Amino acid sequence: MGGVGQRANSSVMSLALLGGSFDPVHRGHLQSAQELVAQLDCAQLALLPAAHSPLKDGHCASAEQRLAMLQLGLAEVGNCGGKITVDRRELDRSGRSYTIDTVREVRAAIGAERPLYWVIGSDSASHLERWRQWQHLLRYCHLVILSRAEQPLQCTPTIQAWLERHQCYKLAQLQTTAAGAVWHCTLSPLPISSTAVRQQIASGAPLTGWLPTSVAEYIATHSLYR
Ligand code: ATP
């Protein structure tokens with residue numbers, strides 16, 4: 001399997017995966033996906049709704065509702081010429097949606113050469129030590145960490161040292177290796193979270209601009225998050 005030292009054929013197409021609860025999807029997710037495609041120059045970016053996020057107590061909307069909102073939102077904001085897709089593989093797997101299982105599965109499907117990026121926000125990276133087999137993630141993919149100003153990276157010295165040890169500073173190196181590096185990425189900040197969206201809806205406050213219209217309509221139609 002790859003690793004930072006192993007060169008991928010630069011003509012092979014890179015794939016980025018952005019997993020999450022998407023409960024519900026909001027503009028922060030979708031804008032990040034669009035900017036990532038441009039910044040990493042990836043051939044494909046898949047949004048993966050989790051069946052059961054291991055570190056969350058549960059989800060408010062059902063898996064199929066979260067998937068439907070994701071598809072609506074993506075269709076509304078645009079999929080970068082077909083480069084951004086929705087991948088339901090975690091919904092079709094039983095049990096909790098562990099990232100290590102997903103990246104292993106995707107790596108087996110795409111072969112050893114293609115650069116594979118697993119993208120997480122800084123809030124998720126802060127809990128990395130609680131992820132199943134987190135030390136093995138880089139065997140299968142690169143880890144791309146998005147800075148979220150409202151939820152900065154706050155991790156233990158162990159994780160900090162691990163991130164620094166694997167940090168890559170040259171985009172070209174990241175793009176031409178299959179796996180094994182940590183890349184820190186700053187996108188246009190959009191300080192929105194699904195938690196804040198759910199709280200606003202529950203309290204009846206306006207959601208100006210946080211959600212694509214079609215997602216807001218779906219939520220209203222299905223009386224979600226009330
Ligand atoms: P919640 O508030 O329910 O925890 P969330 O808004 O953080 O949800 P998730 O579905 O958990 O959304 O997020 C999926 C991934 O997208 C996570 O890695 C998260 O850090 C990242 N993410 C979510 N919102 C943003 C945002 N506004 N900007 C950048 N990354 C984001």
# chains A, B, ... in the order shown; residues from 1 in each chain; ligands from 1

call {"tool": "residues_around", "arguments": {"residues": "segment 156-163 of chain A", "least_positions_apart": "5", "cutoff": "8 Å", "atoms": "only C-alpha atoms", "output": "list in words"}}
result
Ser126, Leu128, Glu129 and Val182 of chain A

call {"tool": "write_last_selection", "arguments": {"atoms": "C-alpha atoms", "output": "PDB file, in the first residue's frame"}}
result
ATOM      1  CA  SER A 126      -9.612  17.008  17.422  1.00  0.00           C
ATOM      2  CA  LEU A 128      -8.922  11.527  16.098  1.00  0.00           C
ATOM      3  CA  GLU A 129      -7.566   9.523  19.003  1.00  0.00           C
ATOM      4  CA  VAL A 182      -1.498  14.926   6.355  1.00  0.00           C
TER       5      VAL A 182
END

call {"tool": "residues_near_ligand", "arguments": {"ligand": "ligand 1", "cutoff": "9 Å", "atoms": "only C-alpha atoms and all ligand atoms", "output": "JSON, numbers by chain"}}
result
{"A": [18, 19, 20, 21, 22, 23, 24, 25, 26, 27, 28, 29, 30, 31, 32, 33, 47, 48, 49, 50, 53, 56, 59, 119, 120, 121, 122, 123, 124, 125, 145, 146, 147, 148, 149, 150, 151, 187, 188, 189, 190, 191, 192, 193, 194, 195, 196, 197, 198]}

call {"tool": "select_by_dssp", "arguments": {"residues": "chain A", "states": "strand (DSSP E)", "output": "PyMOL selection string"}}
result
chain A and resi 15-20+44-49+84-86+116-121+142-146+182-185

call {"tool": "write_last_selection", "arguments": {"atoms": "N, CA, C and O atoms", "output": "short mmCIF file (atom, residue, chain, number, x, y, z; two decimals), in the first residue's frame"}}
result
data_model
loop_
_atom_site.label_atom_id
_atom_site.label_comp_id
_atom_site.auth_asym_id
_atom_site.auth_seq_id
_atom_site.Cartn_x
_atom_site.Cartn_y
_atom_site.Cartn_z
N LEU A 15 -9.08 10.93 -5.83
CA LEU A 15 -10.44 10.83 -5.30
C LEU A 15 -10.44 11.36 -3.87
O LEU A 15 -9.62 10.96 -3.05
N ALA A 16 -11.36 12.28 -3.59
CA ALA A 16 -11.51 12.81 -2.23
C ALA A 16 -12.83 12.32 -1.65
O ALA A 16 -13.83 12.20 -2.37
N LEU A 17 -12.83 12.01 -0.36
CA LEU A 17 -14.04 11.54 0.32
C LEU A 17 -14.32 12.47 1.50
O LEU A 17 -13.44 12.70 2.33
N LEU A 18 -15.53 13.01 1.53
CA LEU A 18 -15.94 13.85 2.66
C LEU A 18 -17.11 13.15 3.35
O LEU A 18 -18.23 13.12 2.84
N GLY A 19 -16.80 12.54 4.49
CA GLY A 19 -17.82 11.80 5.22
C GLY A 19 -18.42 12.65 6.32
O GLY A 19 -17.83 13.64 6.75
N GLY A 20 -19.60 12.26 6.77
CA GLY A 20 -20.21 12.99 7.87
C GLY A 20 -21.64 12.56 8.12
O GLY A 20 -22.16 11.66 7.44
N GLN A 44 -12.48 13.60 -8.65
CA GLN A 44 -13.77 13.19 -8.09
C GLN A 44 -13.78 13.49 -6.59
O GLN A 44 -12.77 13.31 -5.92
N LEU A 45 -14.92 13.93 -6.11
CA LEU A 45 -15.10 14.07 -4.64
C LEU A 45 -16.45 13.45 -4.29
O LEU A 45 -17.47 13.80 -4.88
N ALA A 46 -16.44 12.51 -3.37
CA ALA A 46 -17.69 11.86 -2.96
C ALA A 46 -18.07 12.29 -1.56
O ALA A 46 -17.23 12.34 -0.66
N LEU A 47 -19.35 12.62 -1.40
CA LEU A 47 -19.90 12.93 -0.08
C LEU A 47 -20.50 11.64 0.45
O LEU A 47 -21.31 11.00 -0.23
N LEU A 48 -20.08 11.23 1.66
CA LEU A 48 -20.53 9.94 2.19
C LEU A 48 -21.32 10.12 3.48
O LEU A 48 -20.71 10.33 4.54
N PRO A 49 -22.62 10.01 3.42
CA PRO A 49 -23.38 10.06 4.67
C PRO A 49 -23.13 8.79 5.49
O PRO A 49 -23.12 7.69 4.94
N ILE A 84 -18.51 16.06 -8.26
CA ILE A 84 -18.96 15.79 -6.89
C ILE A 84 -20.18 14.85 -6.94
O ILE A 84 -21.15 15.11 -7.65
N THR A 85 -20.07 13.77 -6.20
CA THR A 85 -21.15 12.78 -6.20
C THR A 85 -21.50 12.41 -4.75
O THR A 85 -20.81 12.81 -3.82
N VAL A 86 -22.57 11.67 -4.60
CA VAL A 86 -22.94 11.14 -3.29
C VAL A 86 -22.72 9.64 -3.32
O VAL A 86 -23.13 8.97 -4.26
N LEU A 116 -5.83 9.10 -2.74
CA LEU A 116 -7.12 9.07 -2.06
C LEU A 116 -7.03 10.00 -0.84
O LEU A 116 -6.13 9.87 -0.02
N TYR A 117 -7.97 10.95 -0.75
CA TYR A 117 -7.97 11.91 0.36
C TYR A 117 -9.20 11.67 1.23
O TYR A 117 -10.32 11.67 0.71
N TRP A 118 -8.98 11.52 2.52
CA TRP A 118 -10.12 11.51 3.46
C TRP A 118 -10.14 12.89 4.10
O TRP A 118 -9.16 13.32 4.72
N VAL A 119 -11.25 13.60 3.92
CA VAL A 119 -11.32 15.01 4.35
C VAL A 119 -12.11 15.11 5.65
O VAL A 119 -13.21 14.55 5.77
N ILE A 120 -11.56 15.85 6.61
CA ILE A 120 -12.30 16.09 7.86
C ILE A 120 -12.11 17.54 8.29
O ILE A 120 -11.10 18.16 8.00
N GLY A 121 -13.10 18.07 9.00
CA GLY A 121 -12.95 19.39 9.58
C GLY A 121 -12.08 19.32 10.83
O GLY A 121 -11.89 18.25 11.40
N HIS A 142 -4.62 9.78 2.25
CA HIS A 142 -4.08 10.98 2.88
C HIS A 142 -5.18 11.52 3.79
O HIS A 142 -6.38 11.25 3.56
N LEU A 143 -4.80 12.30 4.77
CA LEU A 143 -5.80 12.93 5.64
C LEU A 143 -5.74 14.44 5.37
O LEU A 143 -4.70 15.07 5.54
N VAL A 144 -6.86 14.98 4.92
CA VAL A 144 -6.93 16.42 4.63
C VAL A 144 -7.76 17.07 5.74
O VAL A 144 -8.92 16.70 5.95
N ILE A 145 -7.17 18.02 6.43
CA ILE A 145 -7.86 18.66 7.57
C ILE A 145 -8.24 20.09 7.20
O ILE A 145 -7.39 20.92 6.88
N LEU A 146 -9.54 20.35 7.22
CA LEU A 146 -10.05 21.68 6.89
C LEU A 146 -10.08 22.52 8.15
O LEU A 146 -10.64 22.10 9.16
N VAL A 182 -0.49 14.04 5.76
CA VAL A 182 -1.50 14.93 6.35
C VAL A 182 -1.35 16.29 5.68
O VAL A 182 -0.25 16.81 5.55
N TRP A 183 -2.49 16.82 5.25
CA TRP A 183 -2.49 18.10 4.55
C TRP A 183 -3.46 19.04 5.24
O TRP A 183 -4.62 18.69 5.46
N HIS A 184 -2.98 20.22 5.62
CA HIS A 184 -3.88 21.21 6.24
C HIS A 184 -4.36 22.18 5.17
O HIS A 184 -3.56 22.68 4.38
N CYS A 185 -5.64 22.42 5.18
CA CYS A 185 -6.26 23.15 4.08
C CYS A 185 -7.13 24.28 4.63
O CYS A 185 -7.92 24.06 5.56
#

call {"tool": "select_by_dssp", "arguments": {"residues": "segment 12-96 of chain A", "states": "helix (DSSP H, G or I)", "output": "number ranges by chain"}}
result
A: 27-40, 63-77

call {"tool": "write_last_selection", "arguments": {"atoms": "N, CA and C atoms", "output": "compact mmCIF listing (two decimals), in the first residue's frame"}}
result
# COMPACT_ATOMS: atom_id res chain seq x y z
N ARG A 27 -24.65 24.67 3.71
CA ARG A 27 -23.77 25.29 2.71
C ARG A 27 -22.29 25.14 3.05
N GLY A 28 -21.98 25.00 4.35
CA GLY A 28 -20.58 24.80 4.74
C GLY A 28 -20.03 23.52 4.13
N HIS A 29 -20.83 22.45 4.15
CA HIS A 29 -20.39 21.19 3.54
C HIS A 29 -20.21 21.36 2.03
N LEU A 30 -21.23 21.93 1.41
CA LEU A 30 -21.27 21.94 -0.06
C LEU A 30 -20.23 22.90 -0.65
N GLN A 31 -20.08 24.05 0.00
CA GLN A 31 -19.06 25.00 -0.49
C GLN A 31 -17.66 24.41 -0.27
N SER A 32 -17.47 23.74 0.87
CA SER A 32 -16.16 23.11 1.11
C SER A 32 -15.86 22.08 0.03
N ALA A 33 -16.86 21.29 -0.33
CA ALA A 33 -16.66 20.26 -1.36
C ALA A 33 -16.24 20.91 -2.68
N GLN A 34 -16.93 21.98 -3.05
CA GLN A 34 -16.62 22.64 -4.32
C GLN A 34 -15.21 23.24 -4.30
N GLU A 35 -14.86 23.88 -3.19
CA GLU A 35 -13.53 24.49 -3.12
C GLU A 35 -12.42 23.44 -3.09
N LEU A 36 -12.73 22.32 -2.44
CA LEU A 36 -11.72 21.24 -2.36
C LEU A 36 -11.40 20.68 -3.73
N VAL A 37 -12.41 20.52 -4.54
CA VAL A 37 -12.20 19.99 -5.89
C VAL A 37 -11.20 20.88 -6.62
N ALA A 38 -11.38 22.20 -6.46
CA ALA A 38 -10.48 23.14 -7.13
C ALA A 38 -9.11 23.15 -6.47
N GLN A 39 -9.09 23.21 -5.13
CA GLN A 39 -7.81 23.36 -4.45
C GLN A 39 -6.92 22.13 -4.58
N LEU A 40 -7.51 20.94 -4.48
CA LEU A 40 -6.72 19.71 -4.59
C LEU A 40 -6.63 19.23 -6.03
N ALA A 63 -31.49 7.89 7.92
CA ALA A 63 -30.42 7.79 6.92
C ALA A 63 -30.94 8.20 5.53
N GLU A 64 -32.11 7.71 5.18
CA GLU A 64 -32.64 8.01 3.84
C GLU A 64 -33.00 9.49 3.71
N GLN A 65 -33.45 10.11 4.80
CA GLN A 65 -33.74 11.55 4.75
C GLN A 65 -32.44 12.35 4.61
N ARG A 66 -31.42 11.96 5.32
CA ARG A 66 -30.14 12.68 5.22
C ARG A 66 -29.57 12.54 3.81
N LEU A 67 -29.73 11.35 3.26
CA LEU A 67 -29.27 11.10 1.89
C LEU A 67 -30.07 11.96 0.90
N ALA A 68 -31.37 12.00 1.08
CA ALA A 68 -32.22 12.78 0.16
C ALA A 68 -31.85 14.26 0.22
N MET A 69 -31.60 14.78 1.42
CA MET A 69 -31.24 16.20 1.54
C MET A 69 -29.89 16.49 0.89
N LEU A 70 -28.98 15.54 1.03
CA LEU A 70 -27.66 15.68 0.42
C LEU A 70 -27.80 15.76 -1.10
N GLN A 71 -28.61 14.88 -1.64
CA GLN A 71 -28.78 14.86 -3.10
C GLN A 71 -29.46 16.14 -3.59
N LEU A 72 -30.46 16.60 -2.84
CA LEU A 72 -31.15 17.84 -3.22
C LEU A 72 -30.19 19.03 -3.16
N GLY A 73 -29.45 19.11 -2.06
CA GLY A 73 -28.53 20.24 -1.87
C GLY A 73 -27.47 20.29 -2.95
N LEU A 74 -26.92 19.11 -3.26
CA LEU A 74 -25.87 19.05 -4.28
C LEU A 74 -26.42 19.44 -5.65
N ALA A 75 -27.61 18.96 -5.96
CA ALA A 75 -28.21 19.30 -7.26
C ALA A 75 -28.44 20.81 -7.34
N GLU A 76 -28.78 21.41 -6.22
CA GLU A 76 -29.07 22.86 -6.25
C GLU A 76 -27.78 23.70 -6.37
N VAL A 77 -26.76 23.38 -5.61
CA VAL A 77 -25.58 24.25 -5.64
C VAL A 77 -24.62 23.91 -6.79

call {"tool": "closest_residue", "arguments": {"among": "A:Met13, A:His136, A:Pro54, A:Gly78", "to": "Glu90 of chain A", "atoms": "only C-alpha atoms"}}
result
A:Pro54
